[in-house]
Structure formats: C-alpha cells, structure tokens
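So this block is upload_20.txt, compact mmCIF, C-alpha atoms and all ligand atoms:
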```txt
# COMPACT_ATOMS: atom_id res chain seq x y z
CA MET A 712 0.00 0.00 0.00
CA THR A 713 1.43 3.42 -0.93
CA LYS A 714 1.62 6.41 1.42
CA ALA A 715 -1.23 8.06 -0.51
CA ASP A 716 -3.39 4.90 -0.11
CA ARG A 717 -2.93 5.10 3.67
CA ILE A 718 -3.85 8.81 3.82
CA ARG A 719 -6.70 9.03 1.30
CA ASP A 720 -10.16 9.68 2.80
CA LYS A 721 -8.85 9.84 6.38
CA VAL A 722 -10.63 12.51 8.44
CA VAL A 723 -7.88 14.60 10.02
CA VAL A 724 -8.46 17.39 12.56
CA ILE A 725 -5.67 19.91 13.12
CA THR A 726 -5.84 22.47 15.93
CA GLY A 727 -4.08 25.80 15.38
CA GLY A 728 -4.34 25.07 11.66
CA ALA A 729 -4.72 28.64 10.39
CA ARG A 730 -1.01 29.11 9.73
CA GLY A 731 2.48 27.68 10.29
CA ILE A 732 3.10 23.98 10.89
CA GLY A 733 -0.62 23.18 11.22
CA LEU A 734 -1.47 24.74 7.87
CA ALA A 735 1.52 23.15 6.10
CA THR A 736 0.45 19.75 7.49
CA ALA A 737 -3.17 20.27 6.44
CA THR A 738 -2.01 21.22 2.94
CA ALA A 739 0.26 18.18 2.56
CA LEU A 740 -2.43 15.76 3.80
CA HIS A 741 -5.13 17.36 1.64
CA ALA A 742 -2.94 16.91 -1.43
CA LEU A 743 -2.88 13.17 -0.63
CA GLY A 744 -6.68 12.98 -0.42
CA ALA A 745 -7.32 13.35 3.33
CA LYS A 746 -10.46 15.17 4.49
CA ILE A 747 -9.19 18.12 6.48
CA ALA A 748 -10.72 20.05 9.37
CA ILE A 749 -8.72 22.97 10.74
CA GLY A 750 -9.69 24.90 13.84
CA ASP A 751 -8.04 28.00 15.22
CA ILE A 752 -8.69 30.76 17.73
CA ASP A 753 -7.91 33.24 14.94
CA GLU A 754 -11.25 33.01 13.16
CA ALA A 755 -10.48 35.37 10.26
CA THR A 756 -7.23 33.63 9.34
CA VAL A 757 -8.61 30.09 9.68
CA LYS A 758 -11.47 30.99 7.33
CA GLU A 759 -9.07 32.61 4.87
CA SER A 760 -6.72 29.59 4.90
CA GLY A 761 -9.57 27.06 4.71
CA THR A 762 -11.25 28.83 1.80
CA ALA A 763 -8.03 29.42 -0.14
CA ARG A 764 -7.10 25.72 0.03
CA ASP A 765 -10.59 24.32 -0.33
CA PHE A 766 -10.40 22.32 2.91
CA GLU A 767 -13.48 20.28 3.82
CA PHE A 768 -14.03 22.03 7.19
CA TYR A 769 -12.65 25.08 8.98
CA GLY A 770 -13.78 27.26 11.84
CA LYS A 771 -13.16 28.87 15.17
CA LEU A 772 -11.79 26.67 17.93
CA ASP A 773 -10.33 27.62 21.30
CA VAL A 774 -8.43 24.59 22.61
CA THR A 775 -8.55 25.95 26.17
CA ASP A 776 -12.35 25.86 26.20
CA LEU A 777 -13.84 22.38 26.68
CA ALA A 778 -17.23 23.45 25.27
CA SER A 779 -15.66 24.99 22.15
CA PHE A 780 -13.47 21.92 21.57
CA THR A 781 -16.37 19.48 22.05
CA ALA A 782 -18.68 21.43 19.74
CA PHE A 783 -15.95 21.67 17.08
CA LEU A 784 -15.27 17.91 17.08
CA ASP A 785 -19.01 17.10 17.08
CA GLU A 786 -19.54 19.35 14.07
CA VAL A 787 -16.57 17.82 12.22
CA GLU A 788 -17.96 14.30 12.78
CA ARG A 789 -21.46 15.34 11.68
CA THR A 790 -20.00 16.83 8.50
CA LEU A 791 -17.10 14.52 7.60
CA GLY A 792 -17.65 11.33 9.59
CA PRO A 793 -15.58 9.67 12.35
CA ILE A 794 -12.26 11.36 13.09
CA ASP A 795 -9.30 9.15 12.15
CA VAL A 796 -6.49 11.48 13.22
CA LEU A 797 -6.45 14.35 15.72
CA ILE A 798 -3.36 16.57 15.64
CA ASN A 799 -3.07 18.71 18.78
CA ASN A 800 -0.89 21.39 17.25
CA ALA A 801 -2.05 24.76 18.68
CA GLY A 802 0.71 26.32 20.77
CA ILE A 803 2.32 29.62 21.73
CA MET A 804 5.88 30.58 22.62
CA PRO A 805 6.34 33.92 24.36
CA THR A 806 10.06 34.46 25.04
CA GLY A 807 11.99 36.19 27.82
CA ARG A 808 13.27 35.69 31.34
CA LEU A 809 10.87 33.98 33.75
CA ILE A 810 11.09 36.84 36.19
CA ASP A 811 9.65 39.21 33.56
CA GLU A 812 6.81 36.86 32.50
CA PRO A 813 3.42 38.16 33.72
CA ASP A 814 1.42 35.47 35.53
CA LYS A 815 -1.35 35.65 32.95
CA VAL A 816 1.19 34.81 30.22
CA THR A 817 2.51 31.87 32.26
CA ARG A 818 -1.04 30.56 32.65
CA ARG A 819 -1.81 31.10 28.97
CA ILE A 820 1.23 29.06 27.84
CA LEU A 821 0.18 26.19 30.13
CA ASP A 822 -3.48 26.55 29.18
CA ILE A 823 -2.87 26.28 25.42
CA ASN A 824 0.24 24.08 25.24
CA VAL A 825 -0.65 21.62 28.03
CA TYR A 826 -4.33 21.81 29.04
CA GLY A 827 -5.40 22.19 25.38
CA VAL A 828 -3.43 19.05 24.44
CA ILE A 829 -4.83 17.13 27.41
CA ILE A 830 -8.48 17.94 26.75
CA GLY A 831 -7.96 17.44 23.01
CA SER A 832 -6.52 13.99 23.68
CA LYS A 833 -9.34 13.15 26.09
CA LEU A 834 -12.04 14.23 23.63
CA GLY A 835 -10.30 12.45 20.76
CA LEU A 836 -9.87 9.24 22.76
CA ALA A 837 -13.50 9.20 23.88
CA ARG A 838 -14.44 9.02 20.20
CA MET A 839 -11.68 6.65 19.05
CA LEU A 840 -11.69 3.99 21.81
CA PRO A 841 -15.20 2.59 21.10
CA ARG A 842 -14.22 2.33 17.40
CA LYS A 843 -10.93 0.61 18.32
CA ARG A 844 -9.03 2.82 15.87
CA GLY A 845 -7.59 6.30 15.55
CA HIS A 846 -4.37 8.24 15.90
CA LEU A 847 -3.58 11.03 18.35
CA ILE A 848 -0.62 13.17 17.35
CA ASN A 849 0.60 15.76 19.84
CA ILE A 850 2.97 18.46 18.66
CA ALA A 851 5.68 18.82 21.28
CA SER A 852 9.12 20.23 20.42
CA LEU A 853 12.79 19.39 20.78
CA ALA A 854 12.40 21.96 23.59
CA GLY A 855 10.63 19.08 25.38
CA GLU A 856 13.88 17.12 25.59
CA THR A 857 16.16 19.98 26.47
CA HIS A 858 16.30 23.28 28.36
CA ILE A 859 16.70 26.67 26.71
CA PRO A 860 17.15 29.97 28.58
CA GLY A 861 14.37 32.41 27.72
CA LEU A 862 11.81 29.60 27.28
CA ALA A 863 11.40 28.17 30.80
CA THR A 864 7.60 27.90 30.84
CA TYR A 865 7.49 26.83 27.18
CA ASN A 866 10.14 24.16 27.91
CA ALA A 867 8.06 22.95 30.85
CA SER A 868 4.95 22.77 28.65
CA LYS A 869 6.67 20.68 25.99
CA HIS A 870 8.29 18.32 28.54
CA ALA A 871 4.73 17.86 29.82
CA VAL A 872 3.36 17.02 26.36
CA LEU A 873 6.00 14.32 25.87
CA GLY A 874 5.41 12.70 29.28
CA PHE A 875 1.66 12.89 28.77
CA THR A 876 1.70 11.33 25.29
CA ASP A 877 4.09 8.52 26.30
CA THR A 878 1.84 7.73 29.26
CA LEU A 879 -1.27 7.52 27.08
CA ARG A 880 0.50 5.08 24.76
CA GLU A 881 1.02 2.69 27.64
CA GLU A 882 -2.37 3.37 29.28
CA TYR A 883 -4.22 2.52 26.01
CA ARG A 884 -1.86 -0.15 24.71
CA GLY A 885 -3.75 -2.67 22.59
CA SER A 886 -6.75 -0.35 22.21
CA GLY A 887 -6.24 0.13 18.46
CA VAL A 888 -5.47 3.84 18.97
CA HIS A 889 -1.97 5.08 18.07
CA PHE A 890 -0.14 7.85 19.94
CA SER A 891 2.69 9.97 18.55
CA SER A 892 4.70 13.00 19.60
CA VAL A 893 6.28 15.32 17.07
CA LEU A 894 9.44 17.19 18.08
CA PRO A 895 10.32 19.95 15.62
CA THR A 896 13.43 22.04 15.89
CA LEU A 897 13.15 25.84 15.47
CA THR A 898 10.91 26.24 12.40
CA ASN A 899 10.31 29.22 10.15
CA THR A 900 6.80 30.23 11.22
CA ASP A 901 5.36 33.25 13.05
CA LEU A 902 6.12 31.50 16.34
CA GLY A 903 9.87 31.65 15.60
CA SER A 904 9.91 35.15 14.12
CA GLY A 905 12.96 37.22 15.03
CA VAL A 906 14.79 34.15 16.37
CA SER A 907 17.85 32.70 14.60
CA ALA A 908 18.99 29.09 15.02
CA PRO A 909 22.08 28.58 17.20
CA LYS A 910 25.43 27.76 15.51
CA LEU A 911 25.63 24.50 13.52
CA LEU A 912 21.86 24.07 13.39
CA ARG A 913 19.46 25.43 10.80
CA ALA A 914 15.81 26.31 11.20
CA ALA A 915 13.41 23.89 9.49
CA GLU A 916 10.65 24.82 7.06
CA PRO A 917 7.05 24.01 8.08
CA GLU A 918 6.80 21.73 5.03
CA GLU A 919 9.54 19.50 6.50
CA ILE A 920 7.53 19.05 9.69
CA ALA A 921 4.42 18.40 7.59
CA ALA A 922 6.24 15.70 5.59
CA ALA A 923 7.28 13.98 8.84
CA ILE A 924 3.67 14.05 10.10
CA VAL A 925 2.42 12.55 6.82
CA LYS A 926 4.92 9.70 7.32
CA LEU A 927 3.77 9.21 10.92
CA ILE A 928 0.16 8.86 9.82
CA ALA A 929 1.08 6.38 7.09
CA SER A 930 3.27 4.35 9.51
CA PRO A 931 2.59 5.26 13.16
CA ARG A 932 5.63 5.61 15.45
CA SER A 933 5.93 6.99 18.96
CA LYS A 934 8.15 9.98 18.09
CA ALA A 935 9.38 12.00 15.13
CA ARG A 936 12.27 14.44 15.61
CA ILE A 937 12.78 17.00 12.86
CA THR A 938 15.35 17.81 11.57
CA ALA A 939 17.25 14.56 11.97
CA ALA A 940 20.45 16.54 12.73
CA ALA A 941 18.80 18.66 15.44
CA GLY A 942 17.10 15.57 16.88
CA PHE A 943 20.39 13.69 17.01
CA THR A 944 22.17 16.65 18.64
CA ALA A 945 19.46 17.04 21.29
CA GLN A 946 19.48 13.30 22.06
CA PHE A 947 23.26 13.13 22.19
CA MET A 948 23.66 16.20 24.39
CA ASN A 949 20.84 15.46 26.81
CA ARG A 950 21.04 11.69 27.14
CA LEU A 951 24.68 10.80 26.69
CA LEU A 952 26.70 13.73 28.03
CA PRO A 953 27.02 14.82 31.66
CA VAL A 954 24.77 17.84 32.27
CA ALA A 955 27.66 20.26 32.87
CA VAL A 956 29.34 19.25 29.59
CA ALA A 957 26.09 19.47 27.60
CA ASP A 958 25.34 22.90 29.09
CA ALA A 959 28.84 24.16 28.23
CA ILE A 960 28.51 22.96 24.62
CA GLY A 961 25.06 24.56 24.43
CA ARG A 962 26.49 27.88 25.63
CA ALA A 963 29.36 27.64 23.12
CA LEU A 964 26.82 27.13 20.31
CA GLY A 965 24.90 30.18 21.49
CA SER A 966 21.76 28.50 22.80
CA GLY A 967 22.05 30.51 26.03
CA THR A 968 21.22 33.73 24.19
CA THR A 969 19.19 32.52 21.19
CA PHE A 970 15.87 33.28 22.91
CA LEU A 971 17.13 36.23 24.98
CA ASP A 972 19.74 38.79 23.85
CA ASP A 973 19.93 37.51 20.24
CA VAL A 974 16.21 37.95 19.54
CA ASP A 975 15.42 40.60 16.92
CA SER A 976 12.72 42.23 19.04
CA GLU A 977 11.47 44.48 16.22
CA ARG A 978 10.76 41.45 14.01
CA ARG A 979 9.29 39.54 16.93
CA LYS A 980 7.09 42.32 18.29
CA ALA A 981 3.89 41.50 16.38
CA TYR A 982 4.02 37.82 17.40
CA GLU A 983 4.67 38.57 21.08
CA GLU A 984 1.80 41.06 21.13
CA ARG A 985 -0.58 38.61 19.47
CA VAL A 986 0.07 35.70 21.82
CA ARG A 987 0.28 37.71 25.04
CA GLN A 988 -3.26 39.05 24.78
CA ASP A 989 -6.19 37.21 26.38
P1 LIG A 1001 2.15 29.51 14.66
O1 LIG A 1001 2.12 30.64 15.62
O2 LIG A 1001 2.57 29.74 13.27
O3 LIG A 1001 0.71 28.78 14.62
C1 LIG A 1001 0.05 28.39 15.80
C2 LIG A 1001 -1.44 28.54 15.61
O4 LIG A 1001 -2.11 28.17 16.85
C3 LIG A 1001 -1.88 29.98 15.31
O5 LIG A 1001 -2.65 30.05 14.14
C4 LIG A 1001 -2.69 30.39 16.53
O6 LIG A 1001 -3.75 31.31 16.25
C5 LIG A 1001 -3.21 29.04 17.01
N1 LIG A 1001 -3.66 29.09 18.41
C6 LIG A 1001 -3.10 29.76 19.45
N2 LIG A 1001 -3.86 29.64 20.54
C7 LIG A 1001 -4.92 28.84 20.21
C8 LIG A 1001 -6.05 28.36 20.92
N3 LIG A 1001 -6.26 28.67 22.20
N4 LIG A 1001 -6.92 27.57 20.27
C9 LIG A 1001 -6.75 27.28 18.95
N5 LIG A 1001 -5.71 27.73 18.23
C10 LIG A 1001 -4.80 28.49 18.84
O7 LIG A 1001 3.07 28.38 15.35
P2 LIG A 1001 3.74 27.06 14.73
O8 LIG A 1001 5.18 27.30 14.65
O9 LIG A 1001 3.01 26.60 13.54
O10 LIG A 1001 3.50 26.08 15.95
C11 LIG A 1001 2.66 24.94 15.90
C12 LIG A 1001 3.09 23.97 16.98
O11 LIG A 1001 4.44 23.56 16.75
C13 LIG A 1001 3.07 24.60 18.39
O12 LIG A 1001 2.61 23.63 19.32
C14 LIG A 1001 4.54 24.89 18.64
O13 LIG A 1001 4.86 24.93 20.02
C15 LIG A 1001 5.21 23.73 17.92
N6 LIG A 1001 6.61 23.97 17.57
C16 LIG A 1001 6.94 25.06 16.82
C17 LIG A 1001 8.30 25.30 16.54
C18 LIG A 1001 8.74 26.51 15.75
O14 LIG A 1001 9.92 26.89 15.88
N7 LIG A 1001 7.88 27.13 14.94
C19 LIG A 1001 9.28 24.42 17.02
C20 LIG A 1001 8.88 23.33 17.77
C21 LIG A 1001 7.54 23.11 18.05
```

What would you get if you wrote out this structure as structure tokens?
Amino acid sequence: MTKADRIRDKVVVITGGARGIGLATATALHALGAKIAIGDIDEATVKESGTARDFEFYGKLDVTDLASFTAFLDEVERTLGPIDVLINNAGIMPTGRLIDEPDKVTRRILDINVYGVIIGSKLGLARMLPRKRGHLINIASLAGETHIPGLATYNASKHAVLGFTDTLREEYRGSGVHFSSVLPTLTNTDLGSGVSAPKLLRAAEPEEIAAAIVKLIASPRSKARITAAAGFTAQFMNRLLPVAVADAIGRALGSGTTFLDDVDSERRKAYEERVRQD
C-alpha cells in the first residue's frame, strides 16, 4: 500500500491550523486525499486559509475551552464522519526571562500548550476507543527534551506534552489507537519570528515538519524528531553527556542567548503582542 493509499479519505483534525506547521500539514495531507478540518482561535485567518485551500471544514476553535473543543469535534464528525487522526498542534511561545513573565502569560502558555493538548486527547480518545481505531498526534518540540534559557515555561509545557503522550500510549496499549509526539526544531513560522537558530543548526521549514507528520500517519511511530540533525544533537547532548558538559557545549553554540539577547525584538514584536493578549 502506498503512502497516498494510507492517507486518502482519512478525516484529520488539526488544531491551530490557520497558519504555520498546522497549515503546512493540512495542505500536505489534503494533497494526498485526506479530508481536512482545521480549527483555530484566529477566526479570520482560519477561514481565509480554509477557503483558499478548499479544505473540507474550517472554523473557530479555542483549545482551552472544553465546550468549544467538544462542539468543534461534534460538528466535524457530523459533516465529515468519524475522526481518524487528531493533531493537537495549537501552541504559543512567548520568550523572555521567567522573572519578567506576567502570571497571565505563564497561565496562557500552560493553558494552550498543556491543558489544550490534554483535553484534546481526552475528547479524541473518547471518540476513538469505542471504534478501536484512531491516531492522536501531539505536537511537542525538541524543547521538550532539552532546556533553553528564555523559554522556561514553554520548555516545561513541551516536557509535559511528551510525558503525557508517552503515558497515554502505555495506558491505552492494545486499544487500536496510536499515539505519537512530534518534536520539531526551530521552524520558520510566526512562532519563531525574530529568532535565529544557534550555531551548527538550521531552522526547518514548516513543510519539513508536515512531511514527517504525513509519514507518521502512514506508519505510526511513537516519536518523530525533525530535523534529523537537530534531533540527534538534542538526544546526544541530553542523554549521553554529563549535564555540565552538555550545558557548556550549548552555551558555546549560542543557545544561552538565542531566545534572549539575540532575539530581533522588532521582528518579533507583532508575534509577542498577538500571543500575550487574552
Ligand atoms: P504559529 O504561531 O505559526 O501557529 C500556531 C497557531 O495556533 C496559530 O494560528 C494560533 O492562532 C493558534 N492558536 C493559538 N492559541 C490557540 C487556541 N487557544 N486555540 C486554537 N488555536 C490556537 O506556530 P507554529 O510554529 O506553527 O507552531 C505549531 C506547533 O508547533 C506549536 O505547538 C509549537 O509549540 C510547535 N513547535 C513550533 C516550533 C517553531 O519553531 N515554529 C518548534 C517546535 C515546536
């Protein structure tokens, strides 16, 4: 069976699908014949993206609101049929030192990046378990396997997504539902605007993350790290080296300042303003 045969006609829901990695993934899957539903808190942009690409379903979704999430999934199933794949992708990444992070921003990061993934998984599972099939894909980050100054709460949120998703895989082993985590490196989307990759690593394009997700759906695996080079570096530094050595190498490569002093704050301003509001 080809990759396209495994994707065709699958009903795939993608949260935070109005732009960036979610939109690139929706586009790649749609091209292979999947039925796509994108939801996003940014109603104008999700409608624009959905219309422009002729997706089967698009609309407003706030992943931090259980009622909104439930209603969105119900409507998708009424329109397109049972959900085969749910991609919990919506996420935000405000940058800066913890001490300067307003409490409402801290809560918002955890609300979207962690609570949103947890309720999404719960709602998805409730639909998939009785059917004994389905695939939950949670978008974490390589930031979930490492620690990066300027991203403390974001790091915590992505470590949480990885632990959560691994736990579900064991808790629902044999249920027919697959569980995967996706760990992208810094990727050229709005979320990474004004940030440059540390030495020796390059930023990925959203299409590269999308291609990895397509592969995961065709052949489910527990984790996909993208790029392979960044994934290898993160694994090597954080699993094989003593912490002090890994931290020193990280500092030498510039990761200590990537999300602090090296940020181009002019280029990043619009993103920070957008995600810091209620
Ligand atoms: P992005 O900012 O381009 O897109 C994220 C989308 O999520 C936006 O359209 C936004 O409106 C939406 N969103 C925010 N809050 C929401 C809510 N409450 N409900 C529904 N939608 C909401 O970001 P991206 O780079 O495409 O990021 C997608 C995922 O990939 C995130 O989970 C992010 O943490 C992860 N990731 C991104 C990078 C990167 O460097 N871009 C790296 C690793 C992981």

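One finds atom CA of Leu797 of chain A at 19.4 Å from atom CA of Arg764 of chain A.
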
Could you pull the residues within 12 Å of Pro793 of chain A, counting only C-alpha atoms, minus those fewer than 6 positions along the same chain, as a CSV table (one decimal) with C-alpha atoms, in the frame of the given file?
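The new file out_13.csv reads:
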```
chain,number,residue,atom,x,y,z
A,720,ASP,CA,-10.2,9.7,2.8
A,721,LYS,CA,-8.8,9.8,6.4
A,722,VAL,CA,-10.6,12.5,8.4
A,723,VAL,CA,-7.9,14.6,10.0
A,724,VAL,CA,-8.5,17.4,12.6
A,746,LYS,CA,-10.5,15.2,4.5
A,748,ALA,CA,-10.7,20.0,9.4
A,784,LEU,CA,-15.3,17.9,17.1
A,785,ASP,CA,-19.0,17.1,17.1
A,786,GLU,CA,-19.5,19.4,14.1
A,787,VAL,CA,-16.6,17.8,12.2
A,835,GLY,CA,-10.3,12.4,20.8
A,836,LEU,CA,-9.9,9.2,22.8
A,837,ALA,CA,-13.5,9.2,23.9
A,838,ARG,CA,-14.4,9.0,20.2
A,839,MET,CA,-11.7,6.6,19.0
A,840,LEU,CA,-11.7,4.0,21.8
A,841,PRO,CA,-15.2,2.6,21.1
A,842,ARG,CA,-14.2,2.3,17.4
A,843,LYS,CA,-10.9,0.6,18.3
A,844,ARG,CA,-9.0,2.8,15.9
A,845,GLY,CA,-7.6,6.3,15.6
A,846,HIS,CA,-4.4,8.2,15.9
```

*asked:* I'd like the contact shell of Thr900 of chain A - 8 Å cut-off, only C-alpha atoms, skipping same-chain residues fewer than 3 positions apart - returned as a ChimeraX atom specification.
replied: /A:731-732,903-904,916-917

*Counting only C-alpha atoms and all ligand atoms, what residues are within 7 Å of ligand LIG 1001 (chain A), given as a ChimeraX atom specification?*
/A:726-733,750-753,772-775,800-804,823-824,850-854,894-903

Any chance you could work out the axis-aligned box around segment 831-837 of chain A, listed atoms only, 4 Å on each side, giving centre and edge lengths in Å to one decimal, as lines of an AutoDock Vina configuration file?
```
center_x = -10.0
center_y = 13.3
center_z = 23.4
size_x = 15.0
size_y = 16.2
size_z = 13.3
```

*Record the distance separating atom CA of Ala778 of chain A and atom CA of Tyr865 of chain A, expressed in Å with one decimal.*
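Separating atom CA of Ala778 of chain A from atom CA of Tyr865 of chain A is a distance of 25.0 Å.
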
*So which one's closest to Leu862 of chain A, A:Glu984, A:Glu759, A:Asp811, A:Asp975? Using all atoms listed in the file, please.*
A:Asp811

_As an exercise, work out the distance from atom CA of Ala735 of chain A to atom CA of Glu918 of chain A in Å and give it to one decimal place._
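Answer for the atom CA of Ala735 of chain A to atom CA of Glu918 of chain A separation: 5.6 Å.
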
*Spatial neighbours of Arg962 of chain A, 12 Å, only C-alpha atoms, chain gap at least 6 places, as a ChimeraX atom specification*: /A:858-860,909-910,955-956,968-969

So that I have them on file, write out the residues from the current selection with C-alpha atoms, as a PDB file, in the coordinates of the input.
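Writing done, so here's part-v1.pdb:
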```
ATOM      1  CA  HIS A 858      16.300  23.280  28.360  1.00  0.00           C
ATOM      2  CA  ILE A 859      16.700  26.670  26.710  1.00  0.00           C
ATOM      3  CA  PRO A 860      17.150  29.970  28.580  1.00  0.00           C
ATOM      4  CA  PRO A 909      22.080  28.580  17.200  1.00  0.00           C
ATOM      5  CA  LYS A 910      25.430  27.760  15.510  1.00  0.00           C
ATOM      6  CA  ALA A 955      27.660  20.260  32.870  1.00  0.00           C
ATOM      7  CA  VAL A 956      29.340  19.250  29.590  1.00  0.00           C
ATOM      8  CA  THR A 968      21.220  33.730  24.190  1.00  0.00           C
ATOM      9  CA  THR A 969      19.190  32.520  21.190  1.00  0.00           C
TER      10      THR A 969
END
```

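Excluding Ala737 of chain A itself and any same-chain residue fewer than 6 positions from it, the protein and nucleic acid residues within 8 Å of it, counting all atoms listed in the file, are Ile725, Gly728, Ile747, Ile749 and Ala921 of chain A.
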
*Close residues, Asp973 of chain A itself excluded, 10 Å, only C-alpha atoms, min 6 positions apart in chain, as number ranges by chain*: A: 905-909, 965-967

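Of the residues listed (A:Ala739, A:Pro813, A:Leu952, A:Ile924), A:Ile924 shows the shortest atom-to-atom separation from Val796 of chain A; distances use only C-alpha atoms.
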
*asked:* Which residue is closest to Arg950 of chain A? Choose from A:Lys758, A:Leu740, A:Glu856, A:Leu791 and count all atoms listed in the file.
replied: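 Closest candidate: A:Glu856.
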
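Residue nearest Asp972 of chain A within the list A:Thr864, A:Gly807, A:Ala914, A:Ile794: A:Gly807 [criterion: smallest interatomic distance, all atoms listed in the file].
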
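With all atoms listed in the file as the atoms that count, the minimum distance from Asn949 of chain A to the choices A:Val986, A:Thr857, A:Arg913, A:Arg978 is reached by A:Thr857.
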
_Nearest to Lys934 of chain A, chosen from A:Ile848, A:Ser868, A:Tyr883, A:Phe970, with only C-alpha atoms counted in the distances_ =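 Using only C-alpha atoms, Lys934 of chain A sits closest to A:Ile848.
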